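K.L.:
Input file: protein_32.pdb. Contents: PDB, C-alpha atoms.
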ATOM      1  CA  MET J   1       0.000   0.000   0.000
ATOM      2  CA  SER J   2       1.244   3.478  -0.886
ATOM      3  CA  ARG J   3       0.667   6.021   1.868
ATOM      4  CA  VAL J   4      -0.991   9.035   0.254
ATOM      5  CA  LEU J   5      -1.479  12.632   1.386
ATOM      6  CA  ILE J   6      -4.576  14.244  -0.132
ATOM      7  CA  ILE J   7      -4.379  17.946  -1.008
ATOM      8  CA  GLY J   8      -7.487  19.787  -2.163
ATOM      9  CA  GLY J   9     -10.716  21.531  -1.273
ATOM     10  CA  THR J  10     -12.742  20.023   1.544
ATOM     11  CA  HIS J  11     -15.437  18.409  -0.606
ATOM     12  CA  SER J  12     -13.158  17.132  -3.382
ATOM     13  CA  ALA J  13     -10.613  15.839  -0.854
ATOM     14  CA  GLN J  14     -13.283  13.958   1.065
ATOM     15  CA  HIS J  15     -14.661  12.435  -2.157
ATOM     16  CA  LEU J  16     -11.183  11.244  -3.150
ATOM     17  CA  ILE J  17     -10.528   9.858   0.332
ATOM     18  CA  ARG J  18     -13.788   7.892   0.340
ATOM     19  CA  SER J  19     -13.134   6.549  -3.148
ATOM     20  CA  LEU J  20      -9.640   5.310  -2.288
ATOM     21  CA  LEU J  21     -10.702   3.843   1.055
ATOM     22  CA  GLY J  22     -13.510   2.031  -0.751
ATOM     23  CA  ALA J  23     -11.066   0.434  -3.206
ATOM     24  CA  PRO J  24      -8.105  -0.830  -1.124
ATOM     25  CA  HIS J  25      -7.132  -3.198  -3.947
ATOM     26  CA  ALA J  26      -5.954  -0.133  -5.883
ATOM     27  CA  GLY J  27      -3.016   0.124  -3.481
ATOM     28  CA  TYR J  28      -3.497   3.692  -2.205
ATOM     29  CA  LEU J  29      -4.047   4.372   1.490
ATOM     30  CA  PRO J  30      -5.031   7.958   2.401
ATOM     31  CA  VAL J  31      -3.305   8.777   5.681
ATOM     32  CA  ALA J  32      -3.762  12.548   5.934
ATOM     33  CA  ALA J  33      -5.200  15.570   4.171
ATOM     34  CA  HIS J  34      -4.102  19.157   3.633
ATOM     35  CA  VAL J  35      -6.880  21.636   2.827
ATOM     36  CA  PRO J  36      -5.371  24.947   1.658
ATOM     37  CA  GLY J  37      -7.439  27.989   2.476
ATOM     38  CA  ALA J  38      -9.986  26.226   4.727
ATOM     39  CA  PRO J  39     -11.577  28.525   7.350
ATOM     40  CA  ASP J  40     -10.155  26.632  10.332
ATOM     41  CA  ASP J  41      -8.819  23.229  11.305
ATOM     42  CA  SER J  42     -11.830  22.090  13.294
ATOM     43  CA  GLU J  43     -14.360  22.775  10.528
ATOM     44  CA  SER J  44     -12.311  21.026   7.852
ATOM     45  CA  ALA J  45     -11.348  18.110  10.077
ATOM     46  CA  SER J  46     -14.977  17.407  10.926
ATOM     47  CA  ARG J  47     -15.679  16.689   7.236
ATOM     48  CA  LEU J  48     -12.691  14.445   6.625
ATOM     49  CA  SER J  49     -12.106  10.827   7.618
ATOM     50  CA  VAL J  50      -8.309  11.194   7.931
ATOM     51  CA  PRO J  51      -6.150  13.519  10.061
ATOM     52  CA  LEU J  52      -5.780  17.105   8.836
ATOM     53  CA  THR J  53      -2.183  18.307   8.520
ATOM     54  CA  GLY J  54      -3.028  21.973   8.004
ATOM     55  CA  VAL J  55      -4.805  24.622   5.966
ATOM     56  CA  GLY J  56      -1.931  26.817   4.787
ATOM     57  CA  SER J  57      -2.152  27.731   1.123
ATOM     58  CA  ASP J  58       1.405  28.964   0.466
ATOM     59  CA  PHE J  59       3.990  26.699  -1.129
ATOM     60  CA  ASP J  60       6.146  26.304   1.993
ATOM     61  CA  SER J  61       3.174  25.234   4.137
ATOM     62  CA  ILE J  62       2.125  22.594   1.612
ATOM     63  CA  LEU J  63       5.635  21.210   1.250
ATOM     64  CA  ALA J  64       6.090  21.126   5.037
ATOM     65  CA  ALA J  65       2.833  19.169   5.402
ATOM     66  CA  ILE J  66       3.998  16.641   2.801
ATOM     67  CA  LEU J  67       7.328  16.072   4.504
ATOM     68  CA  GLU J  68       5.707  15.822   7.926
ATOM     69  CA  ALA J  69       3.237  13.162   6.783
ATOM     70  CA  LYS J  70       6.063  10.897   5.485
ATOM     71  CA  VAL J  71       4.029   9.609   2.549
ATOM     72  CA  ASP J  72       4.864   7.702  -0.628
ATOM     73  CA  ALA J  73       2.667   9.825  -2.880
ATOM     74  CA  VAL J  74       0.712  13.073  -2.948
ATOM     75  CA  ALA J  75      -2.713  13.234  -4.603
ATOM     76  CA  ILE J  76      -3.790  16.746  -5.591
ATOM     77  CA  SER J  77      -7.531  16.953  -6.085
ATOM     78  CA  ALA J  78      -9.785  19.719  -7.335
ATOM     79  CA  GLY J  79     -10.172  22.896  -5.343
ATOM     80  CA  VAL J  80      -6.462  23.550  -4.772
ATOM     81  CA  ASN J  81      -5.744  27.259  -5.176
ATOM     82  CA  MET J  82      -2.164  26.906  -6.374
ATOM     83  CA  HIS J  83      -0.419  28.912  -9.074
ATOM     84  CA  PRO J  84       0.627  26.692 -12.001
ATOM     85  CA  GLN J  85       4.260  27.643 -11.389
ATOM     86  CA  ASP J  86       3.991  26.541  -7.745
ATOM     87  CA  LEU J  87       2.430  23.267  -8.845
ATOM     88  CA  ARG J  88       5.328  22.633 -11.225
ATOM     89  CA  ARG J  89       7.805  23.555  -8.520
ATOM     90  CA  LEU J  90       6.072  21.138  -6.138
ATOM     91  CA  GLY J  91       6.519  18.400  -8.723
ATOM     92  CA  TRP J  92      10.269  19.083  -8.792
ATOM     93  CA  GLU J  93      10.488  18.933  -5.007
ATOM     94  CA  LEU J  94       8.560  15.660  -4.832
ATOM     95  CA  SER J  95      10.650  14.115  -7.594
ATOM     96  CA  ALA J  96      13.851  14.984  -5.740
ATOM     97  CA  ARG J  97      12.510  13.184  -2.658
ATOM     98  CA  ASP J  98      11.213  10.163  -4.616
ATOM     99  CA  ILE J  99       7.595  10.972  -3.714
ATOM    100  CA  GLY J 100       4.938  10.264  -6.328
ATOM    101  CA  MET J 101       2.664  13.036  -7.575
ATOM    102  CA  ILE J 102      -0.927  12.281  -8.602
ATOM    103  CA  LEU J 103      -3.359  14.776 -10.105
ATOM    104  CA  ALA J 104      -7.009  13.810  -9.489
ATOM    105  CA  PRO J 105      -9.447  15.808 -11.678
ATOM    106  CA  ALA J 106     -13.016  16.371 -10.565
ATOM    107  CA  LEU J 107     -14.344  13.389 -12.522
ATOM    108  CA  THR J 108     -16.258  10.525 -11.001
ATOM    109  CA  ASP J 109     -17.396   7.098 -12.243
ATOM    110  CA  VAL J 110     -15.685   7.462 -15.626
ATOM    111  CA  ALA J 111     -14.270   4.303 -17.212
ATOM    112  CA  GLY J 112     -10.698   4.319 -18.499
ATOM    113  CA  PRO J 113     -11.476   3.944 -22.230
ATOM    114  CA  ARG J 114     -13.432   7.212 -22.135
ATOM    115  CA  ILE J 115     -10.427   9.236 -20.965
ATOM    116  CA  HIS J 116      -7.781  10.501 -23.391
ATOM    117  CA  THR J 117      -4.913  12.799 -22.433
ATOM    118  CA  GLN J 118      -3.619  15.102 -25.146
ATOM    119  CA  PRO J 119      -0.856  17.709 -24.643
ATOM    120  CA  VAL J 120      -1.961  21.114 -25.959
ATOM    121  CA  ALA J 121       0.235  24.215 -25.612
ATOM    122  CA  GLY J 122       2.212  22.485 -22.875
ATOM    123  CA  LEU J 123      -0.941  21.547 -20.964
ATOM    124  CA  PRO J 124      -2.021  17.895 -20.430
ATOM    125  CA  LEU J 125      -5.671  18.308 -21.375
ATOM    126  CA  ILE J 126      -8.005  15.442 -20.490
ATOM    127  CA  HIS J 127     -10.648  14.653 -23.104
ATOM    128  CA  VAL J 128     -13.696  12.714 -21.879
ATOM    129  CA  SER J 129     -15.794  11.024 -24.547
ATOM    130  CA  THR J 130     -19.421  10.011 -24.035
ATOM    131  CA  PRO J 131     -20.402   6.592 -25.390
ATOM    132  CA  LYS J 132     -23.562   6.719 -27.483
ATOM    133  CA  LEU J 133     -25.631   3.615 -28.007
ATOM    134  CA  THR J 134     -26.478   4.426 -31.617
ATOM    135  CA  GLY J 135     -25.790   3.073 -35.082
ATOM    136  CA  GLY J 136     -23.622  -0.016 -35.179
ATOM    137  CA  LYS J 137     -23.380  -0.216 -31.386
ATOM    138  CA  ARG J 138     -27.159  -0.369 -31.046
ATOM    139  CA  VAL J 139     -27.350  -3.061 -33.741
ATOM    140  CA  ALA J 140     -24.606  -5.083 -32.018
ATOM    141  CA  LYS J 141     -26.344  -4.913 -28.628
ATOM    142  CA  ARG J 142     -29.720  -5.855 -30.129
ATOM    143  CA  THR J 143     -28.211  -8.759 -32.082
ATOM    144  CA  PHE J 144     -26.469  -9.968 -28.936
ATOM    145  CA  ASP J 145     -29.734  -9.773 -26.972
ATOM    146  CA  ILE J 146     -31.726 -11.733 -29.560
ATOM    147  CA  ALA J 147     -29.084 -14.451 -29.937
ATOM    148  CA  ILE J 148     -28.575 -15.049 -26.221
ATOM    149  CA  ALA J 149     -32.235 -14.693 -25.207
ATOM    150  CA  GLY J 150     -33.397 -17.019 -27.975
ATOM    151  CA  SER J 151     -30.780 -19.630 -27.077
ATOM    152  CA  LEU J 152     -31.667 -19.451 -23.381
ATOM    153  CA  LEU J 153     -35.382 -19.878 -24.072
ATOM    154  CA  LEU J 154     -34.723 -23.021 -26.099
ATOM    155  CA  ALA J 155     -32.250 -24.469 -23.597
ATOM    156  CA  LEU J 156     -34.385 -23.689 -20.551
ATOM    157  CA  SER J 157     -37.772 -24.663 -22.001
ATOM    158  CA  PRO J 158     -38.070 -27.853 -19.843
ATOM    159  CA  LEU J 159     -37.279 -25.797 -16.730
ATOM    160  CA  LEU J 160     -39.792 -23.121 -17.717
ATOM    161  CA  VAL J 161     -42.544 -25.721 -18.144
ATOM    162  CA  SER J 162     -41.700 -27.250 -14.760
ATOM    163  CA  ILE J 163     -41.785 -23.873 -12.998
ATOM    164  CA  ALA J 164     -45.120 -23.040 -14.629
ATOM    165  CA  LEU J 165     -46.547 -26.319 -13.312
ATOM    166  CA  PHE J 166     -45.314 -25.651  -9.758
ATOM    167  CA  VAL J 167     -46.764 -22.135  -9.802
ATOM    168  CA  ARG J 168     -50.126 -23.482 -11.004
ATOM    169  CA  LEU J 169     -50.176 -26.079  -8.201
ATOM    170  CA  SER J 170     -49.127 -23.524  -5.553
ATOM    171  CA  GLY J 171     -52.584 -21.996  -5.288
ATOM    172  CA  PRO J 172     -55.133 -19.795  -7.048
ATOM    173  CA  GLY J 173     -53.958 -17.157  -9.455
ATOM    174  CA  PRO J 174     -52.335 -16.930 -12.895
ATOM    175  CA  ILE J 175     -49.001 -18.554 -13.761
ATOM    176  CA  PHE J 176     -47.512 -15.331 -15.090
ATOM    177  CA  TYR J 177     -47.467 -11.936 -13.441
ATOM    178  CA  ARG J 178     -47.629  -8.936 -15.751
ATOM    179  CA  GLN J 179     -46.939  -5.387 -14.588
ATOM    180  CA  GLU J 180     -46.521  -2.086 -16.405
ATOM    181  CA  ARG J 181     -42.986  -0.708 -16.086
ATOM    182  CA  ILE J 182     -41.109   2.332 -17.373
ATOM    183  CA  GLY J 183     -38.616   1.640 -20.155
ATOM    184  CA  LEU J 184     -36.391   3.473 -22.620
ATOM    185  CA  ARG J 185     -36.946   7.254 -22.665
ATOM    186  CA  GLY J 186     -39.947   6.931 -20.351
ATOM    187  CA  THR J 187     -42.005   4.619 -22.562
ATOM    188  CA  THR J 188     -44.166   1.999 -20.855
ATOM    189  CA  PHE J 189     -44.298  -1.739 -21.420
ATOM    190  CA  ASP J 190     -45.630  -4.880 -19.720
ATOM    191  CA  MET J 191     -42.926  -6.843 -17.907
ATOM    192  CA  PHE J 192     -43.457 -10.601 -17.428
ATOM    193  CA  LYS J 193     -42.500 -12.740 -14.431
ATOM    194  CA  PHE J 194     -43.573 -16.045 -12.934
ATOM    195  CA  ARG J 195     -46.069 -15.237 -10.202
ATOM    196  CA  SER J 196     -44.339 -15.423  -6.825
ATOM    197  CA  MET J 197     -46.988 -13.657  -4.709
ATOM    198  CA  LYS J 198     -50.569 -14.302  -3.736
ATOM    199  CA  PRO J 199     -53.309 -12.793  -5.960
ATOM    200  CA  ASN J 200     -53.972  -9.039  -5.630
ATOM    201  CA  ALA J 201     -50.615  -8.489  -3.915
ATOM    202  CA  ASP J 202     -50.200  -5.073  -5.543
ATOM    203  CA  ALA J 203     -53.189  -3.741  -3.599
ATOM    204  CA  GLU J 204     -51.296  -4.346  -0.323
ATOM    205  CA  LEU J 205     -48.007  -2.717  -1.403
ATOM    206  CA  LYS J 206     -48.762   0.841  -0.299
ATOM    207  CA  ALA J 207     -49.825  -0.194   3.211
ATOM    208  CA  LEU J 208     -46.756  -2.405   3.655
ATOM    209  CA  LEU J 209     -44.373   0.348   2.502
ATOM    210  CA  GLU J 210     -45.984   2.853   4.850
ATOM    211  CA  ALA J 211     -45.751   0.368   7.730
ATOM    212  CA  GLN J 212     -41.980   0.019   7.286
ATOM    213  CA  GLY J 213     -41.512   3.741   6.595
ATOM    214  CA  THR J 214     -40.191   3.522   3.015
ATOM    215  CA  ALA J 215     -43.156   4.789   1.016
ATOM    216  CA  ASP J 216     -41.138   7.867  -0.002
ATOM    217  CA  LYS J 217     -38.133   5.875  -1.253
ATOM    218  CA  PRO J 218     -37.873   5.198  -5.024
ATOM    219  CA  LEU J 219     -37.148   1.484  -4.479
ATOM    220  CA  PHE J 220     -40.317  -0.348  -3.494
ATOM    221  CA  LYS J 221     -38.941  -3.271  -1.493
ATOM    222  CA  VAL J 222     -40.799  -4.834   1.432
ATOM    223  CA  GLU J 223     -38.728  -6.521   4.132
ATOM    224  CA  ASN J 224     -39.941 -10.050   4.984
ATOM    225  CA  ASP J 225     -42.741  -9.617   2.458
ATOM    226  CA  PRO J 226     -45.817 -11.577   3.677
ATOM    227  CA  ARG J 227     -47.305 -11.610   0.167
ATOM    228  CA  ILE J 228     -44.716 -14.069  -1.221
ATOM    229  CA  THR J 229     -45.837 -17.683  -1.601
ATOM    230  CA  PRO J 230     -43.645 -20.626  -0.480
ATOM    231  CA  ILE J 231     -42.784 -21.563  -4.078
ATOM    232  CA  GLY J 232     -42.289 -17.859  -4.770
ATOM    233  CA  ARG J 233     -39.527 -17.656  -2.143
ATOM    234  CA  VAL J 234     -37.630 -20.434  -3.910
ATOM    235  CA  LEU J 235     -38.106 -18.786  -7.298
ATOM    236  CA  ARG J 236     -36.914 -15.413  -5.983
ATOM    237  CA  LYS J 237     -33.909 -16.872  -4.176
ATOM    238  CA  TYR J 238     -32.495 -18.079  -7.483
ATOM    239  CA  SER J 239     -34.144 -15.371  -9.660
ATOM    240  CA  LEU J 240     -36.116 -18.023 -11.546
ATOM    241  CA  ASP J 241     -39.201 -15.807 -11.470
ATOM    242  CA  GLU J 242     -37.375 -13.427 -13.823
ATOM    243  CA  LEU J 243     -36.931 -15.939 -16.662
ATOM    244  CA  PRO J 244     -40.104 -14.927 -18.598
ATOM    245  CA  GLN J 245     -38.445 -11.557 -19.162
ATOM    246  CA  LEU J 246     -36.497 -13.305 -21.916
ATOM    247  CA  LEU J 247     -39.715 -12.751 -23.899
ATOM    248  CA  ASN J 248     -39.436  -9.022 -23.168
ATOM    249  CA  VAL J 249     -35.864  -9.118 -24.466
ATOM    250  CA  LEU J 250     -36.901 -10.843 -27.700
ATOM    251  CA  GLY J 251     -39.710  -8.314 -28.120
ATOM    252  CA  GLY J 252     -37.311  -5.378 -27.722
ATOM    253  CA  SER J 253     -38.833  -3.740 -24.638
ATOM    254  CA  MET J 254     -35.910  -4.921 -22.496
ATOM    255  CA  SER J 255     -32.258  -5.877 -22.879
ATOM    256  CA  LEU J 256     -30.293  -8.646 -21.208
ATOM    257  CA  VAL J 257     -28.221  -6.014 -19.385
ATOM    258  CA  GLY J 258     -29.285  -2.570 -18.239
ATOM    259  CA  PRO J 259     -30.873  -0.707 -15.318
ATOM    260  CA  ARG J 260     -33.812  -2.575 -13.806
ATOM    261  CA  PRO J 261     -37.208  -1.281 -15.013
ATOM    262  CA  GLN J 262     -39.238   0.367 -12.282
ATOM    263  CA  ARG J 263     -42.862   1.224 -11.578
ATOM    264  CA  HIS J 264     -44.546   4.571 -12.254
ATOM    265  CA  GLY J 265     -44.527   5.386  -8.546
ATOM    266  CA  GLU J 266     -40.797   4.771  -8.250
ATOM    267  CA  VAL J 267     -39.934   6.845 -11.327
ATOM    268  CA  ALA J 268     -42.073   9.671  -9.965
ATOM    269  CA  LEU J 269     -39.609   9.931  -7.049
ATOM    270  CA  TYR J 270     -36.540  10.220  -9.321
ATOM    271  CA  ASP J 271     -34.224  13.202  -9.151
ATOM    272  CA  ASP J 272     -32.455  14.570 -12.245
ATOM    273  CA  ALA J 273     -29.552  12.123 -11.913
ATOM    274  CA  ALA J 274     -31.799   9.067 -11.603
ATOM    275  CA  TYR J 275     -33.635   9.976 -14.834
ATOM    276  CA  ARG J 276     -30.447   9.143 -16.745
ATOM    277  CA  ARG J 277     -31.237   5.483 -16.035
ATOM    278  CA  LEU J 278     -33.874   5.801 -18.756
ATOM    279  CA  TYR J 279     -31.302   6.688 -21.451
ATOM    280  CA  VAL J 280     -30.802   2.982 -22.225
ATOM    281  CA  SER J 281     -33.182   0.025 -22.396
ATOM    282  CA  PRO J 282     -33.925  -1.600 -19.028
ATOM    283  CA  GLY J 283     -32.303  -4.960 -18.432
ATOM    284  CA  MET J 284     -32.878  -8.333 -16.829
ATOM    285  CA  SER J 285     -29.565  -7.870 -15.055
ATOM    286  CA  GLY J 286     -27.223  -4.968 -14.414
ATOM    287  CA  LEU J 287     -24.335  -3.672 -12.389
ATOM    288  CA  TRP J 288     -26.251  -3.354  -9.130
ATOM    289  CA  GLN J 289     -27.615  -6.894  -9.427
ATOM    290  CA  VAL J 290     -24.079  -8.322  -9.572
ATOM    291  CA  SER J 291     -22.776  -5.946  -6.904
ATOM    292  CA  GLY J 292     -25.018  -6.823  -4.003
ATOM    293  CA  ARG J 293     -28.557  -6.964  -5.425
ATOM    294  CA  SER J 294     -31.096  -6.159  -2.665
ATOM    295  CA  ASN J 295     -28.307  -5.570  -0.127
ATOM    296  CA  LEU J 296     -27.501  -2.217  -1.745
ATOM    297  CA  THR J 297     -29.064   1.096  -0.805
ATOM    298  CA  TRP J 298     -31.004   3.120  -3.350
ATOM    299  CA  GLU J 299     -28.119   5.599  -3.635
ATOM    300  CA  GLU J 300     -25.603   2.804  -4.299
ATOM    301  CA  SER J 301     -27.897   1.226  -6.881
ATOM    302  CA  ILE J 302     -28.327   4.527  -8.705
ATOM    303  CA  ARG J 303     -24.570   5.155  -8.753
ATOM    304  CA  LEU J 304     -23.959   1.745 -10.348
ATOM    305  CA  ASP J 305     -26.762   2.186 -12.885
ATOM    306  CA  LEU J 306     -25.443   5.609 -13.890
ATOM    307  CA  TYR J 307     -21.940   4.173 -14.241
ATOM    308  CA  TYR J 308     -23.375   1.602 -16.650
ATOM    309  CA  VAL J 309     -25.226   4.248 -18.668
ATOM    310  CA  GLU J 310     -22.175   6.511 -18.887
ATOM    311  CA  ASN J 311     -19.675   3.749 -19.707
ATOM    312  CA  TRP J 312     -21.606   1.177 -21.750
ATOM    313  CA  SER J 313     -19.709  -1.376 -23.819
ATOM    314  CA  LEU J 314     -20.644  -4.741 -25.318
ATOM    315  CA  MET J 315     -17.784  -6.446 -23.485
ATOM    316  CA  GLY J 316     -19.100  -4.900 -20.276
ATOM    317  CA  ASP J 317     -22.463  -6.566 -20.957
ATOM    318  CA  VAL J 318     -20.744  -9.930 -21.411
ATOM    319  CA  LEU J 319     -18.865  -9.579 -18.115
ATOM    320  CA  ILE J 320     -22.042  -8.581 -16.257
ATOM    321  CA  LEU J 321     -23.854 -11.649 -17.598
ATOM    322  CA  PHE J 322     -21.058 -13.929 -16.383
ATOM    323  CA  LYS J 323     -21.240 -12.309 -12.957
ATOM    324  CA  THR J 324     -25.039 -12.625 -13.031
ATOM    325  CA  PHE J 325     -24.837 -16.407 -13.298
ATOM    326  CA  LYS J 326     -22.483 -16.474 -10.312
ATOM    327  CA  ALA J 327     -24.747 -14.208  -8.233
ATOM    328  CA  VAL J 328     -27.806 -16.313  -9.081
ATOM    329  CA  PHE J 329     -26.205 -19.652  -8.295
ATOM    330  CA  THR J 330     -24.951 -18.394  -4.924
ATOM    331  CA  SER J 331     -28.273 -16.525  -4.331
ATOM    332  CA  SER J 332     -26.178 -13.598  -3.112
ATOM    333  CA  GLY J 333     -28.324 -10.672  -2.000
ATOM    334  CA  ALA J 334     -31.535 -12.250  -3.287
ATOM    335  CA  VAL J 335     -34.947 -11.423  -1.874
TER     336      VAL J 335
END
Spell out the structure here as structure tokens.
P.N.:
Amino acid sequence: MSRVLIIGGTHSAQHLIRSLLGAPHAGYLPVAAHVPGAPDDSESASRLSVPLTGVGSDFDSILAAILEAKVDAVAISAGVNMHPQDLRRLGWELSARDIGMILAPALTDVAGPRIHTQPVAGLPLIHVSTPKLTGGKRVAKRTFDIAIAGSLLLALSPLLVSIALFVRLSGPGPIFYRQERIGLRGTTFDMFKFRSMKPNADAELKALLEAQGTADKPLFKVENDPRITPIGRVLRKYSLDELPQLLNVLGGSMSLVGPRPQRHGEVALYDDAAYRRLYVSPGMSGLWQVSGRSNLTWEESIRLDLYYVENWSLMGDVLILFKTFKAVFTSSGAV
């Protein structure tokens, strides 16, 4: 692990600290922070999760803080009010002491292939491209969806017939459950599942959400849901109730991979960031399903969905599907 001193504004420094602490495999351990120009030590320290070395904004104060912290690298985040000449001079000083220098721009959740550094007029400008799911990319994703969904339907047809029989024998009610969901660009479609709840379960949802105090959260999940049937618990544990959505994929209303489609009531609670989930087709699986499934908070789920939207690639879809099979077989985070 490389011991790292974070230098930057309070908010950007804290974001960088949290990101590095959340990814210890990257090899960077934040041990202290220096916040130039902060009002006072106590206010800045209360916002940071590492010790504060100081708030001096002049070159000598920053260099003294670096030497005092005895670190292997210095990460300079956004919000540092340093003259470009002082920043270059700091690089010379760090190089002479064999201390690494890292510049962390104010970018978050951007995949590596989207970032390109190009020197312009002596400045290392960072170009960030935005992947667009249009043209050939859209055709490739749709072709991939049809091929895999069609193959899975044929291969799993005996299992699908068996599940349908068990659901029919489990009690009154239809075999399939159909519900209107919000899809690409806000369009609506009917999503199919094997029925895993007793009849008229939707009528009880509002009361159950209010009872557990989550009616105002845009993720309608009921803890220890009393509406689920015994066979439904088995189907949900291994996500077998989701298999009929392969028909949605073949029909084009869903994709194999993408943000999960949600109800009207959930979408109504979206903020501006969450609406970006609707920029791509909803999926049977996605990043949040393979990163914890129902164990994640709404905020964590949104962050993962937005990362997918902003950094889509066909190879990323393939990797998510492989991880989906692992998550299903281990029933990790299932409800």
K.L.:
Specify as a list in words each residue included when the PyMOL selection byres ((chain J and resi 32) around 10) is applied to this file.
P.N.:
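Listing what the PyMOL selection byres ((chain J and resi 32) around 10) selects in the shown file: Arg3, Val4, Leu5, Ile6, Ile7, Ile17, Leu29, Pro30, Val31, Ala33, His34, Leu48, Ser49, Val50, Pro51, Leu52, Thr53, Gly54, Ala65, Ile66, Ala69, Lys70, Val71 and Val74 of chain J.
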K.L.:
Mind dumping the selected residues with C-alpha atoms as a compact mmCIF listing (two decimals), in the frame of the given file?
P.N.:
# COMPACT_ATOMS: atom_id res chain seq x y z
CA ARG J 3 0.67 6.02 1.87
CA VAL J 4 -0.99 9.04 0.25
CA LEU J 5 -1.48 12.63 1.39
CA ILE J 6 -4.58 14.24 -0.13
CA ILE J 7 -4.38 17.95 -1.01
CA ILE J 17 -10.53 9.86 0.33
CA LEU J 29 -4.05 4.37 1.49
CA PRO J 30 -5.03 7.96 2.40
CA VAL J 31 -3.30 8.78 5.68
CA ALA J 33 -5.20 15.57 4.17
CA HIS J 34 -4.10 19.16 3.63
CA LEU J 48 -12.69 14.44 6.62
CA SER J 49 -12.11 10.83 7.62
CA VAL J 50 -8.31 11.19 7.93
CA PRO J 51 -6.15 13.52 10.06
CA LEU J 52 -5.78 17.10 8.84
CA THR J 53 -2.18 18.31 8.52
CA GLY J 54 -3.03 21.97 8.00
CA ALA J 65 2.83 19.17 5.40
CA ILE J 66 4.00 16.64 2.80
CA ALA J 69 3.24 13.16 6.78
CA LYS J 70 6.06 10.90 5.48
CA VAL J 71 4.03 9.61 2.55
CA VAL J 74 0.71 13.07 -2.95
K.L.:
Once the PyMOL selection byres ((chain J and resi 319-327) around 12) is applied to the coordinates I shared, what remains selected? I want it as a PDB file with C-alpha atoms, in the coordinates of the input.
P.N.:
ATOM      1  CA  PHE J 144     -26.469  -9.968 -28.936  1.00  0.00           C
ATOM      2  CA  ASP J 145     -29.734  -9.773 -26.972  1.00  0.00           C
ATOM      3  CA  ILE J 148     -28.575 -15.049 -26.221  1.00  0.00           C
ATOM      4  CA  ALA J 149     -32.235 -14.693 -25.207  1.00  0.00           C
ATOM      5  CA  LYS J 237     -33.909 -16.872  -4.176  1.00  0.00           C
ATOM      6  CA  TYR J 238     -32.495 -18.079  -7.483  1.00  0.00           C
ATOM      7  CA  SER J 239     -34.144 -15.371  -9.660  1.00  0.00           C
ATOM      8  CA  LEU J 240     -36.116 -18.023 -11.546  1.00  0.00           C
ATOM      9  CA  SER J 255     -32.258  -5.877 -22.879  1.00  0.00           C
ATOM     10  CA  LEU J 256     -30.293  -8.646 -21.208  1.00  0.00           C
ATOM     11  CA  VAL J 257     -28.221  -6.014 -19.385  1.00  0.00           C
ATOM     12  CA  GLY J 258     -29.285  -2.570 -18.239  1.00  0.00           C
ATOM     13  CA  PRO J 259     -30.873  -0.707 -15.318  1.00  0.00           C
ATOM     14  CA  GLY J 283     -32.303  -4.960 -18.432  1.00  0.00           C
ATOM     15  CA  MET J 284     -32.878  -8.333 -16.829  1.00  0.00           C
ATOM     16  CA  SER J 285     -29.565  -7.870 -15.055  1.00  0.00           C
ATOM     17  CA  GLY J 286     -27.223  -4.968 -14.414  1.00  0.00           C
ATOM     18  CA  LEU J 287     -24.335  -3.672 -12.389  1.00  0.00           C
ATOM     19  CA  TRP J 288     -26.251  -3.354  -9.130  1.00  0.00           C
ATOM     20  CA  GLN J 289     -27.615  -6.894  -9.427  1.00  0.00           C
ATOM     21  CA  VAL J 290     -24.079  -8.322  -9.572  1.00  0.00           C
ATOM     22  CA  SER J 291     -22.776  -5.946  -6.904  1.00  0.00           C
ATOM     23  CA  GLY J 292     -25.018  -6.823  -4.003  1.00  0.00           C
ATOM     24  CA  ARG J 293     -28.557  -6.964  -5.425  1.00  0.00           C
ATOM     25  CA  SER J 294     -31.096  -6.159  -2.665  1.00  0.00           C
ATOM     26  CA  TYR J 308     -23.375   1.602 -16.650  1.00  0.00           C
ATOM     27  CA  TRP J 312     -21.606   1.177 -21.750  1.00  0.00           C
ATOM     28  CA  SER J 313     -19.709  -1.376 -23.819  1.00  0.00           C
ATOM     29  CA  LEU J 314     -20.644  -4.741 -25.318  1.00  0.00           C
ATOM     30  CA  MET J 315     -17.784  -6.446 -23.485  1.00  0.00           C
ATOM     31  CA  GLY J 316     -19.100  -4.900 -20.276  1.00  0.00           C
ATOM     32  CA  ASP J 317     -22.463  -6.566 -20.957  1.00  0.00           C
ATOM     33  CA  VAL J 318     -20.744  -9.930 -21.411  1.00  0.00           C
ATOM     34  CA  VAL J 328     -27.806 -16.313  -9.081  1.00  0.00           C
ATOM     35  CA  PHE J 329     -26.205 -19.652  -8.295  1.00  0.00           C
ATOM     36  CA  THR J 330     -24.951 -18.394  -4.924  1.00  0.00           C
ATOM     37  CA  SER J 331     -28.273 -16.525  -4.331  1.00  0.00           C
ATOM     38  CA  SER J 332     -26.178 -13.598  -3.112  1.00  0.00           C
ATOM     39  CA  GLY J 333     -28.324 -10.672  -2.000  1.00  0.00           C
ATOM     40  CA  ALA J 334     -31.535 -12.250  -3.287  1.00  0.00           C
TER      41      ALA J 334
END
K.L.:
Residues at most 12 Å from segment 265-279 of chain J, counting only C-alpha atoms, excluding those fewer than 5 positions away in the same chain, as a PyMOL selection string?
P.N.:
chain J and resi 131-134+180-188+205-206+214-221+254+258-260+286+298-310+312
K.L.:
Rounded to one decimal in Å, what is the spacing between atom CA of Met82 of chain J and atom CA of Val55 of chain J?
P.N.:
12.8 Å
K.L.:
So how far away is atom CA of Ala73 of chain J from atom CA of Gly27 of chain J, in Å?
P.N.:
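A separation of 11.3 Å between them.
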K.L.:
Find the spatial neighbours of Gly232 of chain J, counting all atoms listed in the file, within a cut-off of 12 Å - ignore same-chain residues fewer than 6 positions away - and output them as a count of residues only.
P.N.:
25
